[in-house]
Every structure is written in structure tokens, then in C-alpha cells.
Protein chains: 2
Amino acid sequence: MTSQQALLDTLAQVARALGNGHRLALLERLAQGDASVETLANTTDLTIGNASQHLQQLRRAGLVTAQRSGKQMIYHLTDERIVNLLGLLRQVAETNLAEMERLVSRLFAEDDADGVLEAVSPDELLAGLASGEVALLDVRPEEEYEAGHLPEAINIPLEQLEDMLGKLPQDREIVAYCRGPYCVLSHQAVKRLRQLGYRVRRFEEGYPEWKAAGLPIA
Amino acid sequence: MTSQQALLDTLAQVARALGNGHRLALLERLAQGDASVETLANTTDLTIGNASQHLQQLRRAGLVTAQRSGKQMIYHLTDERIVNLLGLLRQVAETNLAEMERLVSRLFAEDDADGVLEAVSPDELLAGLASGEVALLDVRPEEEYEAGHLPEAINIPLEQLEDMLGKLPQDREIVAYCRGPYCVLSHQAVKRLRQLGYRVRRFEEGYPEWKAAGLPIA
DNA sequence: CCATCATTCAATAAAACGATAGAATGATGG
DNA sequence: CCATCATTCTATCGTTTTATTGAATGATGG
């Protein structure tokens with residue numbers, strides 16, 4: 001075996017660590033912020049043991065690290081670029097795989113029968129924030145909001161949306177965001193708020209992509 | 001299974017297609033230019049049957065396409081961004097995996113015992129080309145050069161290096177490039193030319209990365 | 001139409017992966 | 001030190017990948 005081939009094989013090991021839906025889900029959760037094994041297992045619908053094993057694989061591939069905090073192990077992404085890597089993988093897959101297009105359109109269709117919920121691009125969002133014409137709404141769980149969020153974003157977890165309408169400004173367009181392009185939270189928030197008469201759209205990306213792009217966070 | 005999970009599973013299928021050293025080698029060869037199954041099998045040291053099977057997997061993942069040309073099937077990358085994806089994967093792996101560092105340093109050590117062969121960055125190369133202070137040397141096989149190369153690059157395949165020294169300019173620094181960061185051709189060319197007294201360094205990237213960056217090619 | 005060539009398909013066996021259950025480890029609080 | 005809790009390790013089984021072999025397919029040139 002040549003050194004060349006050994007390098008490609010090692011690279012392949014890293015890629016293979018990405019080659020499982022559960023592990024991708026774990027990475028996406030970790031992109032929201034560090035978390036314990038139990039938290040990760042809960043948010044990805046895995047048993048503790050199974051989650052632990054997948055996390056070991058991600059660790060062997062150098063994608064995550066772990067450190068003890070009390071009696072818990074806290075995992076975190078080793079590298080912000082992993083978010084970019086997942087984003088690029090997503091782009092390539094969406095462009096070239098008919099199956100992806102089918103799944104994505106189904107995901108959108110669930111909450112957007114009319115196709116009217118055009119997403120806001122990062123550039124557009126930056127412009128709107130700079131001019132003060134846009135208010136940001138973070139509909140993720142409070143825990144994830146606390147771990148980091150877009151500047152000046154208001155946090156109303158989706159479950160409490162109807163109870164906390166008072167926190168929303170009436171004079172500006174609202175842009176809702178959540179965990180990323182595949183996360184349905186912001187879809188549903190937009191749908192409900194529109195029914196209540198609010199002027200609201202969803203952000204095309206999510207918190208991890210914003211952070212990975214080097215944009216300011218709070 | 002949620003739509004979310006179905007999406008991640010599909011994404012995982014694409015990642016899994018990248019999770020094999022032979023398939024990465026095939027993709028890297030395809031990044032140099034389209035090729036037949038036989039050509040691909042030869043350059044990756046696979047049997048025809050085996051190469052064909054791996055290519056089917058890449059095709060199912062939407063990473064390559066094939067079309068018949070006479071009695072041959074010609075494969076090509078579906079998306080230039082696949083080169084970016086591989087580059088990012090490499091970056092993440094090199095940063096976070098000790099094993100990678102070991103392998104990369106071994107690869108470099110083979111031809112650079114003194115560590116003096118500092119690579120030229122893309123920015124530096126662009127500046128050198130603009131000012132006319134640098135001559136470009138492509139040491140890949142003629143076939144790959146013909147399929148596409150950097151502007152104004154001279155092609156001397158490594159095997160013919162000593163025979164065609166006359167084609168090299170004497171008045172400028174020479175920058176040699178080949179297939180990419182893991183390709184040893186330019187290492188060896190630099191080593192030999194230095195022994196002959198030439199002022200020469202190697203390009204940090206290769207033809208596919210140059211092309212994927214949207215820079216001009218010939 | 002037949003022989004040939006390039007490629008793909010099909011069948012097999014060895015190896016790797018994935019989920020589960022239960023034992024083992026490591027830190028904590030009394 | 002002991003009981004407890006969070007996590008990891010071990011063993012197992014069923015499934016999926018991988019390489020190899022040989023047969024089948026599809027296009028070409030006479």
C-alpha cells in the first residue's frame with residue numbers, strides 16, 4: 001500500500017463516520033451547542049448505549065471530543081468547519097440526487113402547501129438587520145438559545161409561541177430561524193404566525209450555519 | 001421515520017459513497033478529467049470489474065455520471081463542488097486526526113528530508129503569474145494535461161523530465177503542480193530539478209482545486 | 001451475422017457495521 | 001466506604017459492504 005492510498009483510506013474513515021443518519025443527527029445537534037450523552041440520546045431518539053457507541057465512532061474520526069463534567073460526559077464538535085462540510089454535502093446531494101429533491105419538497109410541503117413561504121437569504125437578512133427593518137425570532141428550545149443565538153434575536157420556543165405573542169414587535173417584519181435548513185421549527189412558526197396576521201418569513205439557514213460563516217453571535 | 005430522518009439518511013448514503021479509499025481515488029482521478037472504466041481501473045490499481053462496481057455506487061450517490069462513447073463508458077464528476085467537498089474533508093481530517101498528520105508528514109518526508117520545499121499558496125502563485133516572475137510546470141501525464149491545465153503551463157510528464165529540460169525557462173522561478181495536495185509528482189519534480197540547480201517550488205494545491213475555485217484554465 | 005472488445009451483472013465468501021442487553025467503570029453524595 | 005448515577009465496554013446476532021469469479025450484455029468492425 002502506498003502512502004497515497006493510506007491517506008485516502010484514512011480520509012475515507014472520516015467520511016464513513018458521516019455515513020450514517022444517526023451520526024449526522026448527532027452532529028447537527030452538537031452544532032447547536034455542546035451536550036451530554038443523555039441529552040444527545042434524547043434529541044436523536046437513540047438509546048443511551050447506542051448513542052454512546054456512535055459518539056465513539058465520531059470521536060475516533062476526530063469529529064467530536066468529549067470531556068468530563070461532574071458525572072456527565074460533555075461532547076462538542078472539534079471543528080467549526082464540520083458545519084461547512086455538512087452544508088456542502090447537502091448542497092451536492094440536493095443538486096445531484098433526485099431522491100433528495102423529492103424528500104426536501106415533501107418536507108416543505110408539510111407546512112407550506114401554497115409555496116408562498118419564500119426563505120430569506122443570509123445577505124437579505126444582514127441588510128434587513130442593518131436597516132432595522134427586521135426583527136429576529138429564534139424558535140428553538142431555550143437550552144439551545146442559551147448556548148448561542150443570532151444577535152438581538154428574541155427566543156420563543158415553538159411550543160410557547162401562542163402564549164408569548166406579546167414579545168413580538170408589530171412594526172417590523174419578523175424573520176424566524178431555527179437549527180438549519182432541514183429543521184421544521186421555523187416552518188411551523190411562520191405558518192402559525194401568518195394565520196395570526198403577522199408579516200413573517202423564515203431564514204434560509206440556521207444558527208450553526210450563521211456561526212460557521214463567522215458572523216457575530218450572542 | 002420522520003422526513004427529517006429520511007433526509008439525513010439520504011445524505012448519509014452520499015457520505016457513505018465517499019467512505020472508501022478506492023472510491024476517493026476514483027473521484028480524484030475524475031477530478032483531473034473524464035475517463036473510461038479501463039483508464040480509471042488502471043490509474044487506481046483496481047480490476048475492471050471492481051472499478052465498475054465502485055463506479056456504480058458513486059453513480060447511485062449522484063457523484064458521477066456516465067455516457068457511452070463508442071464501445072467505452074466515459075465517467076465524469078457531476079459537480080465541480082465535489083472537489084471542494086473533498087478538500088474540506090481533507091482539511092477537517094488533517095486538523096483533527098493525529099493519524100492524518102502522521103501520514104501526511106511521511107508523504108512529505110519521502111521527498112523532502114530537509115523540509116525546505118515550502119509550497120506556494122494560490123494567492124502567491126496568482127501574484128507571481130501576474131507579474132511574470134513565475135513559470136508554471138505541469139508534471140502530470142500528457143493525457144491529463146490535455147484534458148485541462150493551468151494557463152500558460154508547460155507540460156513535462158515526470159518520466160520525461162530529464163529529457164526535456166530545454167523547455168524550461170532559466171530566467172524565472174518555476175512552480176510545479178500536479179493532481180492535488182496528496183500527489184507526489186510535483187514533490188519529485190521539485191527534488192530532481194533542485195539537484196540540477198533550478199530555482200523551483202511546488203504549488204500547494206493542484207489542477208482540480210484551481211479549477212474548482214473558478215480560476216481560468218486552458 | 002459473427003467475433004471481439006468494454007463494461008456490467010450475478011453469485012459467493014470474508015469482513016465490517018448496527019442494535020441490543022447486560023456487565024463494568026468512574027465520579028458523586030451521603 | 002457504599003449506593004447511585006452517567007457512561008462505556010463486551011458479547012451477540014442479523015445486516016450490509018467488499019473483492020473475486022465467471023457469465024451476460026451492448027456496441028463495433030469485418
# chains A, B, ... in the order shown; residues from 1 in each chain; ligands from 1
>>> interface_residues(of="chain A", to="chain D", cutoff="12 Å", atoms="only C-alpha atoms (C1' of nucleotides)", output="VMD selection string")
chain A and resid 16 36 to 39 41 47 to 56 66 to 74
>>> write_last_selection(atoms="N, CA and C atoms", output="PDB file, in the first residue's frame")
ATOM      1  N   ARG A  16     -16.664   7.877   6.292  1.00  0.00           N
ATOM      2  CA  ARG A  16     -17.562   6.801   6.708  1.00  0.00           C
ATOM      3  C   ARG A  16     -18.243   7.149   8.032  1.00  0.00           C
ATOM      4  N   SER A  36     -24.560  16.577  26.716  1.00  0.00           N
ATOM      5  CA  SER A  36     -24.214  15.304  27.347  1.00  0.00           C
ATOM      6  C   SER A  36     -24.748  14.146  26.519  1.00  0.00           C
ATOM      7  N   VAL A  37     -24.284  12.959  26.829  1.00  0.00           N
ATOM      8  CA  VAL A  37     -24.739  11.774  26.106  1.00  0.00           C
ATOM      9  C   VAL A  37     -26.250  11.618  26.230  1.00  0.00           C
ATOM     10  N   GLU A  38     -26.735  11.849  27.446  1.00  0.00           N
ATOM     11  CA  GLU A  38     -28.179  11.686  27.655  1.00  0.00           C
ATOM     12  C   GLU A  38     -28.977  12.673  26.806  1.00  0.00           C
ATOM     13  N   THR A  39     -28.566  13.928  26.826  1.00  0.00           N
ATOM     14  CA  THR A  39     -29.248  14.934  26.007  1.00  0.00           C
ATOM     15  C   THR A  39     -29.219  14.534  24.535  1.00  0.00           C
ATOM     16  N   ALA A  41     -28.826  11.578  23.251  1.00  0.00           N
ATOM     17  CA  ALA A  41     -29.654  10.396  23.014  1.00  0.00           C
ATOM     18  C   ALA A  41     -31.125  10.794  22.921  1.00  0.00           C
ATOM     19  N   THR A  47     -31.109   5.009  22.072  1.00  0.00           N
ATOM     20  CA  THR A  47     -30.857   4.572  23.440  1.00  0.00           C
ATOM     21  C   THR A  47     -29.512   5.145  23.872  1.00  0.00           C
ATOM     22  N   ILE A  48     -29.320   5.242  25.172  1.00  0.00           N
ATOM     23  CA  ILE A  48     -28.068   5.780  25.683  1.00  0.00           C
ATOM     24  C   ILE A  48     -26.872   4.986  25.138  1.00  0.00           C
ATOM     25  N   GLY A  49     -26.973   3.677  25.242  1.00  0.00           N
ATOM     26  CA  GLY A  49     -25.853   2.847  24.801  1.00  0.00           C
ATOM     27  C   GLY A  49     -25.530   3.024  23.333  1.00  0.00           C
ATOM     28  N   ASN A  50     -26.571   3.071  22.541  1.00  0.00           N
ATOM     29  CA  ASN A  50     -26.382   3.219  21.102  1.00  0.00           C
ATOM     30  C   ASN A  50     -25.771   4.580  20.773  1.00  0.00           C
ATOM     31  N   ALA A  51     -26.303   5.624  21.410  1.00  0.00           N
ATOM     32  CA  ALA A  51     -25.753   6.958  21.186  1.00  0.00           C
ATOM     33  C   ALA A  51     -24.274   6.985  21.575  1.00  0.00           C
ATOM     34  N   SER A  52     -23.968   6.370  22.702  1.00  0.00           N
ATOM     35  CA  SER A  52     -22.580   6.354  23.160  1.00  0.00           C
ATOM     36  C   SER A  52     -21.675   5.714  22.115  1.00  0.00           C
ATOM     37  N   GLN A  53     -22.144   4.606  21.550  1.00  0.00           N
ATOM     38  CA  GLN A  53     -21.319   3.913  20.571  1.00  0.00           C
ATOM     39  C   GLN A  53     -21.091   4.760  19.323  1.00  0.00           C
ATOM     40  N   HIS A  54     -22.153   5.399  18.845  1.00  0.00           N
ATOM     41  CA  HIS A  54     -21.991   6.272  17.677  1.00  0.00           C
ATOM     42  C   HIS A  54     -21.049   7.425  17.999  1.00  0.00           C
ATOM     43  N   LEU A  55     -21.143   7.927  19.223  1.00  0.00           N
ATOM     44  CA  LEU A  55     -20.262   9.036  19.602  1.00  0.00           C
ATOM     45  C   LEU A  55     -18.801   8.587  19.629  1.00  0.00           C
ATOM     46  N   GLN A  56     -18.580   7.344  20.019  1.00  0.00           N
ATOM     47  CA  GLN A  56     -17.207   6.822  19.990  1.00  0.00           C
ATOM     48  C   GLN A  56     -16.663   6.847  18.562  1.00  0.00           C
ATOM     49  N   ALA A  66     -14.717  14.841  23.798  1.00  0.00           N
ATOM     50  CA  ALA A  66     -15.541  14.738  24.991  1.00  0.00           C
ATOM     51  C   ALA A  66     -14.699  15.107  26.200  1.00  0.00           C
ATOM     52  N   GLN A  67     -15.393  15.708  27.182  1.00  0.00           N
ATOM     53  CA  GLN A  67     -14.687  15.959  28.436  1.00  0.00           C
ATOM     54  C   GLN A  67     -15.667  15.762  29.574  1.00  0.00           C
ATOM     55  N   ARG A  68     -15.133  15.303  30.682  1.00  0.00           N
ATOM     56  CA  ARG A  68     -15.991  15.009  31.813  1.00  0.00           C
ATOM     57  C   ARG A  68     -16.352  16.296  32.545  1.00  0.00           C
ATOM     58  N   SER A  69     -17.614  16.373  32.936  1.00  0.00           N
ATOM     59  CA  SER A  69     -18.059  17.493  33.758  1.00  0.00           C
ATOM     60  C   SER A  69     -18.948  16.892  34.839  1.00  0.00           C
ATOM     61  N   GLY A  70     -18.409  16.766  36.050  1.00  0.00           N
ATOM     62  CA  GLY A  70     -19.149  16.048  37.084  1.00  0.00           C
ATOM     63  C   GLY A  70     -19.279  14.604  36.683  1.00  0.00           C
ATOM     64  N   LYS A  71     -20.499  14.099  36.723  1.00  0.00           N
ATOM     65  CA  LYS A  71     -20.670  12.707  36.328  1.00  0.00           C
ATOM     66  C   LYS A  71     -21.115  12.564  34.879  1.00  0.00           C
ATOM     67  N   GLN A  72     -21.130  13.669  34.166  1.00  0.00           N
ATOM     68  CA  GLN A  72     -21.542  13.596  32.767  1.00  0.00           C
ATOM     69  C   GLN A  72     -20.359  13.783  31.821  1.00  0.00           C
ATOM     70  N   MET A  73     -20.485  13.221  30.637  1.00  0.00           N
ATOM     71  CA  MET A  73     -19.533  13.484  29.566  1.00  0.00           C
ATOM     72  C   MET A  73     -20.174  14.489  28.620  1.00  0.00           C
ATOM     73  N   ILE A  74     -19.457  15.594  28.400  1.00  0.00           N
ATOM     74  CA  ILE A  74     -19.976  16.619  27.504  1.00  0.00           C
ATOM     75  C   ILE A  74     -19.241  16.517  26.178  1.00  0.00           C
TER      76      ILE A  74
END
>>> closest_atom_pairs(of="chain B", to="chain A", cutoff="8 Å", atoms="only C-alpha atoms", output="JSON lines")
{"residue": "B:Ser3", "atom": "CA", "partner": "A:Leu107", "partner_atom": "CA", "distance": 6.1}
{"residue": "B:Gln4", "atom": "CA", "partner": "A:Tyr182", "partner_atom": "CA", "distance": 6.6}
{"residue": "B:Gln5", "atom": "CA", "partner": "A:Gly21", "partner_atom": "CA", "distance": 6.8}
{"residue": "B:Ala6", "atom": "CA", "partner": "A:Leu103", "partner_atom": "CA", "distance": 7.4}
{"residue": "B:Leu7", "atom": "CA", "partner": "A:Leu103", "partner_atom": "CA", "distance": 6.3}
{"residue": "B:Leu8", "atom": "CA", "partner": "A:Gly21", "partner_atom": "CA", "distance": 4.9}
{"residue": "B:Asp9", "atom": "CA", "partner": "A:Gly21", "partner_atom": "CA", "distance": 4.3}
{"residue": "B:Thr10", "atom": "CA", "partner": "A:Met100", "partner_atom": "CA", "distance": 6.8}
{"residue": "B:Leu11", "atom": "CA", "partner": "A:Arg90", "partner_atom": "CA", "distance": 6.6}
{"residue": "B:Ala12", "atom": "CA", "partner": "A:Gly19", "partner_atom": "CA", "distance": 4.3}
{"residue": "B:Gln13", "atom": "CA", "partner": "A:Gly19", "partner_atom": "CA", "distance": 6.1}
{"residue": "B:Val14", "atom": "CA", "partner": "A:Ala93", "partner_atom": "CA", "distance": 6.9}
{"residue": "B:Ala15", "atom": "CA", "partner": "A:Gly19", "partner_atom": "CA", "distance": 4.7}
{"residue": "B:Arg16", "atom": "CA", "partner": "A:Gly19", "partner_atom": "CA", "distance": 4.2}
{"residue": "B:Ala17", "atom": "CA", "partner": "A:Gly19", "partner_atom": "CA", "distance": 7.9}
{"residue": "B:Leu18", "atom": "CA", "partner": "A:Ala15", "partner_atom": "CA", "distance": 5.8}
{"residue": "B:Gly19", "atom": "CA", "partner": "A:Arg16", "partner_atom": "CA", "distance": 4.2}
{"residue": "B:Asn20", "atom": "CA", "partner": "A:Ala12", "partner_atom": "CA", "distance": 4.9}
{"residue": "B:Gly21", "atom": "CA", "partner": "A:Asp9", "partner_atom": "CA", "distance": 4.3}
{"residue": "B:His22", "atom": "CA", "partner": "A:Leu8", "partner_atom": "CA", "distance": 7.8}
{"residue": "B:Leu24", "atom": "CA", "partner": "A:Leu8", "partner_atom": "CA", "distance": 6.5}
{"residue": "B:Ala25", "atom": "CA", "partner": "A:Leu8", "partner_atom": "CA", "distance": 7.0}
{"residue": "B:Ala61", "atom": "CA", "partner": "A:Leu97", "partner_atom": "CA", "distance": 6.9}
{"residue": "B:Gly62", "atom": "CA", "partner": "A:Asn96", "partner_atom": "CA", "distance": 5.1}
{"residue": "B:Leu63", "atom": "CA", "partner": "A:Asn96", "partner_atom": "CA", "distance": 7.1}
{"residue": "B:Thr78", "atom": "CA", "partner": "A:Asn96", "partner_atom": "CA", "distance": 7.0}
{"residue": "B:Asp79", "atom": "CA", "partner": "A:Val92", "partner_atom": "CA", "distance": 7.2}
{"residue": "B:Arg81", "atom": "CA", "partner": "A:Val92", "partner_atom": "CA", "distance": 6.8}
{"residue": "B:Ile82", "atom": "CA", "partner": "A:Val92", "partner_atom": "CA", "distance": 7.0}
{"residue": "B:Leu85", "atom": "CA", "partner": "A:Leu88", "partner_atom": "CA", "distance": 6.3}
{"residue": "B:Leu88", "atom": "CA", "partner": "A:Leu85", "partner_atom": "CA", "distance": 6.3}
{"residue": "B:Leu89", "atom": "CA", "partner": "A:Leu85", "partner_atom": "CA", "distance": 6.8}
{"residue": "B:Arg90", "atom": "CA", "partner": "A:Leu11", "partner_atom": "CA", "distance": 6.6}
{"residue": "B:Val92", "atom": "CA", "partner": "A:Arg81", "partner_atom": "CA", "distance": 6.8}
{"residue": "B:Ala93", "atom": "CA", "partner": "A:Leu11", "partner_atom": "CA", "distance": 6.6}
{"residue": "B:Asn96", "atom": "CA", "partner": "A:Gly62", "partner_atom": "CA", "distance": 5.1}
{"residue": "B:Leu97", "atom": "CA", "partner": "A:Gly62", "partner_atom": "CA", "distance": 5.2}
{"residue": "B:Glu99", "atom": "CA", "partner": "A:Thr10", "partner_atom": "CA", "distance": 7.7}
{"residue": "B:Met100", "atom": "CA", "partner": "A:Thr10", "partner_atom": "CA", "distance": 6.8}
{"residue": "B:Leu103", "atom": "CA", "partner": "A:Leu7", "partner_atom": "CA", "distance": 6.3}
{"residue": "B:Val104", "atom": "CA", "partner": "A:Leu7", "partner_atom": "CA", "distance": 7.3}
{"residue": "B:Arg106", "atom": "CA", "partner": "A:Ser3", "partner_atom": "CA", "distance": 7.6}
{"residue": "B:Leu107", "atom": "CA", "partner": "A:Ser3", "partner_atom": "CA", "distance": 6.1}
{"residue": "B:Tyr182", "atom": "CA", "partner": "A:Gln4", "partner_atom": "CA", "distance": 6.6}
{"residue": "B:Cys183", "atom": "CA", "partner": "A:Gln4", "partner_atom": "CA", "distance": 7.4}
>>> write_last_selection(atoms="N, CA and C atoms", output="compact mmCIF listing (two decimals), in the first residue's frame")
# COMPACT_ATOMS: atom_id res chain seq x y z
N SER B 3 -39.60 12.86 8.18
CA SER B 3 -38.99 13.35 6.94
C SER B 3 -37.57 13.79 7.21
N GLN B 4 -37.39 14.39 8.36
CA GLN B 4 -36.06 14.84 8.79
C GLN B 4 -35.06 13.71 8.74
N GLN B 5 -35.46 12.60 9.39
CA GLN B 5 -34.55 11.47 9.47
C GLN B 5 -34.32 10.88 8.09
N ALA B 6 -35.34 10.86 7.26
CA ALA B 6 -35.19 10.34 5.91
C ALA B 6 -34.18 11.17 5.13
N LEU B 7 -34.22 12.49 5.33
CA LEU B 7 -33.26 13.36 4.67
C LEU B 7 -31.84 13.06 5.13
N LEU B 8 -31.69 12.93 6.43
CA LEU B 8 -30.34 12.65 6.94
C LEU B 8 -29.85 11.29 6.45
N ASP B 9 -30.75 10.32 6.36
CA ASP B 9 -30.34 9.02 5.86
C ASP B 9 -29.88 9.10 4.41
N THR B 10 -30.60 9.88 3.62
CA THR B 10 -30.19 10.03 2.22
C THR B 10 -28.85 10.73 2.12
N LEU B 11 -28.69 11.75 2.95
CA LEU B 11 -27.41 12.45 3.00
C LEU B 11 -26.31 11.48 3.40
N ALA B 12 -26.64 10.59 4.33
CA ALA B 12 -25.65 9.62 4.80
C ALA B 12 -25.24 8.67 3.69
N GLN B 13 -26.18 8.36 2.81
CA GLN B 13 -25.83 7.49 1.68
C GLN B 13 -24.76 8.12 0.81
N VAL B 14 -24.89 9.42 0.60
CA VAL B 14 -23.89 10.12 -0.20
C VAL B 14 -22.54 10.09 0.53
N ALA B 15 -22.58 10.37 1.83
CA ALA B 15 -21.34 10.36 2.60
C ALA B 15 -20.71 8.96 2.57
N ARG B 16 -21.56 7.95 2.64
CA ARG B 16 -21.02 6.58 2.65
C ARG B 16 -20.33 6.27 1.33
N ALA B 17 -20.83 6.86 0.25
CA ALA B 17 -20.17 6.65 -1.04
C ALA B 17 -18.74 7.20 -1.00
N LEU B 18 -18.51 8.19 -0.17
CA LEU B 18 -17.16 8.76 -0.03
C LEU B 18 -16.33 7.95 0.96
N GLY B 19 -16.95 6.99 1.61
CA GLY B 19 -16.28 6.31 2.72
C GLY B 19 -15.49 5.09 2.32
N ASN B 20 -14.75 5.19 1.25
CA ASN B 20 -13.93 4.08 0.80
C ASN B 20 -12.74 4.64 0.00
N GLY B 21 -11.55 4.20 0.37
CA GLY B 21 -10.34 4.75 -0.24
C GLY B 21 -10.30 4.60 -1.75
N HIS B 22 -10.77 3.47 -2.25
CA HIS B 22 -10.74 3.27 -3.69
C HIS B 22 -11.67 4.26 -4.39
N LEU B 24 -12.55 7.19 -3.30
CA LEU B 24 -11.94 8.52 -3.26
C LEU B 24 -10.87 8.64 -4.34
N ALA B 25 -10.12 7.55 -4.55
CA ALA B 25 -9.09 7.58 -5.60
C ALA B 25 -9.74 7.77 -6.97
N ALA B 61 -25.01 7.44 -5.83
CA ALA B 61 -24.93 8.56 -4.89
C ALA B 61 -25.00 9.90 -5.60
N GLY B 62 -25.09 9.87 -6.93
CA GLY B 62 -25.19 11.12 -7.67
C GLY B 62 -23.89 11.88 -7.79
N LEU B 63 -22.76 11.21 -7.54
CA LEU B 63 -21.48 11.91 -7.58
C LEU B 63 -20.83 11.88 -8.96
N THR B 78 -20.26 14.82 -11.50
CA THR B 78 -21.49 15.55 -11.76
C THR B 78 -21.38 17.00 -11.35
N ASP B 79 -20.46 17.29 -10.46
CA ASP B 79 -20.48 18.60 -9.82
C ASP B 79 -19.07 19.02 -9.41
N ARG B 81 -18.31 21.03 -7.30
CA ARG B 81 -18.20 21.22 -5.85
C ARG B 81 -17.73 19.98 -5.13
N ILE B 82 -17.76 18.84 -5.80
CA ILE B 82 -17.26 17.63 -5.17
C ILE B 82 -15.78 17.79 -4.82
N LEU B 85 -15.71 19.62 -1.71
CA LEU B 85 -16.12 18.74 -0.62
C LEU B 85 -14.95 17.88 -0.16
N LEU B 88 -12.45 20.03 1.74
CA LEU B 88 -12.89 20.37 3.08
C LEU B 88 -12.77 19.16 4.00
N LEU B 89 -13.12 18.00 3.47
CA LEU B 89 -12.96 16.77 4.23
C LEU B 89 -11.50 16.58 4.64
N ARG B 90 -10.63 16.83 3.69
CA ARG B 90 -9.20 16.73 3.94
C ARG B 90 -8.75 17.72 5.02
N VAL B 92 -10.54 19.10 7.42
CA VAL B 92 -11.06 18.71 8.73
C VAL B 92 -10.26 17.52 9.27
N ALA B 93 -10.01 16.56 8.40
CA ALA B 93 -9.29 15.37 8.83
C ALA B 93 -7.86 15.73 9.26
N ASN B 96 -7.85 17.49 12.72
CA ASN B 96 -8.36 16.85 13.93
C ASN B 96 -7.95 15.40 14.13
N LEU B 97 -7.24 14.85 13.17
CA LEU B 97 -6.91 13.45 13.28
C LEU B 97 -5.39 13.29 13.31
N GLU B 99 -3.64 10.72 13.20
CA GLU B 99 -3.22 9.75 12.19
C GLU B 99 -2.93 10.42 10.85
N MET B 100 -3.78 11.39 10.49
CA MET B 100 -3.58 12.08 9.22
C MET B 100 -2.25 12.82 9.21
N LEU B 103 0.57 10.53 8.55
CA LEU B 103 0.65 10.06 7.17
C LEU B 103 1.12 11.17 6.23
N VAL B 104 0.59 12.37 6.45
CA VAL B 104 0.98 13.47 5.57
C VAL B 104 2.46 13.76 5.73
N ARG B 106 4.72 11.76 6.61
CA ARG B 106 5.52 10.70 5.99
C ARG B 106 5.58 10.90 4.48
N LEU B 107 4.43 11.28 3.91
CA LEU B 107 4.40 11.52 2.46
C LEU B 107 5.38 12.62 2.06
N TYR B 182 -2.13 15.71 -2.30
CA TYR B 182 -1.55 14.42 -1.93
C TYR B 182 -0.76 13.78 -3.06
N CYS B 183 -0.65 14.47 -4.16
CA CYS B 183 0.03 13.89 -5.32
C CYS B 183 1.53 14.13 -5.17
>>> residues_around(residues="A:Leu215", least_positions_apart="3", cutoff="10 Å", atoms="only C-alpha atoms (C1' of nucleotides)", output="list in words")
Leu126, Leu150, Pro151, Glu209, Trp210, Lys211 and Ala212 of chain A
>>> closest_atom_pairs(of="chain C", to="chain B", cutoff="10 Å", atoms="only C-alpha atoms (C1' of nucleotides)", output="tab-separated table")
residue	atom	partner	partner_atom	distance
C:DC5	C1'	B:Lys71	CA	7.7
C:DA6	C1'	B:Gln72	CA	5.8
C:DT7	C1'	B:Met73	CA	7.4
C:DT8	C1'	B:Ser52	CA	7.4
C:DC9	C1'	B:Gln53	CA	9.7
>>> write_last_selection(atoms="C-alpha atoms (C1' of nucleotides)", output="PDB file, in the first residue's frame")
ATOM      1  C1'  DC C   5     -13.944  -5.770 -27.038  1.00  0.00           C
ATOM      2  C1'  DA C   6     -15.519  -2.884 -22.989  1.00  0.00           C
ATOM      3  C1'  DT C   7     -18.401  -2.983 -19.418  1.00  0.00           C
ATOM      4  C1'  DT C   8     -21.941  -4.655 -16.325  1.00  0.00           C
ATOM      5  C1'  DC C   9     -24.432  -8.143 -13.810  1.00  0.00           C
TER       6       DC C   9
END
>>> decode(residues="stretch 5-69 of chain A", atoms="C-alpha atoms", output="short mmCIF file (atom, residue, chain, number, x, y, z; two decimals), in the first residue's frame")
data_model
loop_
_atom_site.label_atom_id
_atom_site.label_comp_id
_atom_site.auth_asym_id
_atom_site.auth_seq_id
_atom_site.Cartn_x
_atom_site.Cartn_y
_atom_site.Cartn_z
CA GLN A 5 -3.58 5.10 -0.64
CA ALA A 6 -3.10 5.11 3.14
CA LEU A 7 -4.03 8.79 3.17
CA LEU A 8 -7.14 8.20 1.12
CA ASP A 9 -8.12 5.30 3.36
CA THR A 10 -7.80 7.49 6.44
CA LEU A 11 -9.82 10.17 4.74
CA ALA A 12 -12.38 7.51 3.90
CA GLN A 13 -12.66 6.60 7.58
CA VAL A 14 -13.69 10.16 8.34
CA ALA A 15 -16.21 10.13 5.51
CA ARG A 16 -17.56 6.80 6.71
CA ALA A 17 -18.18 8.35 10.12
CA LEU A 18 -20.52 10.74 8.31
CA GLY A 19 -22.18 7.85 6.52
CA ASN A 20 -24.98 7.17 8.98
CA GLY A 21 -28.16 9.11 9.57
CA HIS A 22 -28.00 8.85 13.34
CA ARG A 23 -24.47 10.18 13.44
CA LEU A 24 -25.45 13.08 11.18
CA ALA A 25 -28.30 13.83 13.58
CA LEU A 26 -25.84 13.79 16.49
CA LEU A 27 -23.54 16.19 14.66
CA GLU A 28 -26.42 18.50 13.82
CA ARG A 29 -27.44 18.58 17.45
CA LEU A 30 -23.86 19.25 18.51
CA ALA A 31 -23.75 22.12 16.04
CA GLN A 32 -26.38 23.81 18.24
CA GLY A 33 -24.12 23.55 21.26
CA ASP A 34 -22.31 21.08 23.49
CA ALA A 35 -24.37 18.38 25.11
CA SER A 36 -24.21 15.30 27.35
CA VAL A 37 -24.74 11.77 26.11
CA GLU A 38 -28.18 11.69 27.65
CA THR A 39 -29.25 14.93 26.01
CA LEU A 40 -27.91 13.74 22.68
CA ALA A 41 -29.65 10.40 23.01
CA ASN A 42 -32.96 12.11 23.78
CA THR A 43 -32.84 14.60 20.92
CA THR A 44 -31.93 11.91 18.41
CA ASP A 45 -34.24 9.15 19.65
CA LEU A 46 -31.43 6.74 20.40
CA THR A 47 -30.86 4.57 23.44
CA ILE A 48 -28.07 5.78 25.68
CA GLY A 49 -25.85 2.85 24.80
CA ASN A 50 -26.38 3.22 21.10
CA ALA A 51 -25.75 6.96 21.19
CA SER A 52 -22.58 6.35 23.16
CA GLN A 53 -21.32 3.91 20.57
CA HIS A 54 -21.99 6.27 17.68
CA LEU A 55 -20.26 9.04 19.60
CA GLN A 56 -17.21 6.82 19.99
CA GLN A 57 -17.08 6.44 16.24
CA LEU A 58 -17.33 10.17 15.72
CA ARG A 59 -14.57 10.58 18.27
CA ARG A 60 -12.33 8.09 16.51
CA ALA A 61 -12.87 10.03 13.29
CA GLY A 62 -11.76 13.21 15.05
CA LEU A 63 -15.10 14.92 14.52
CA VAL A 64 -16.06 15.33 18.17
CA THR A 65 -14.28 15.44 21.51
CA ALA A 66 -15.54 14.74 24.99
CA GLN A 67 -14.69 15.96 28.44
CA ARG A 68 -15.99 15.01 31.81
CA SER A 69 -18.06 17.49 33.76
#
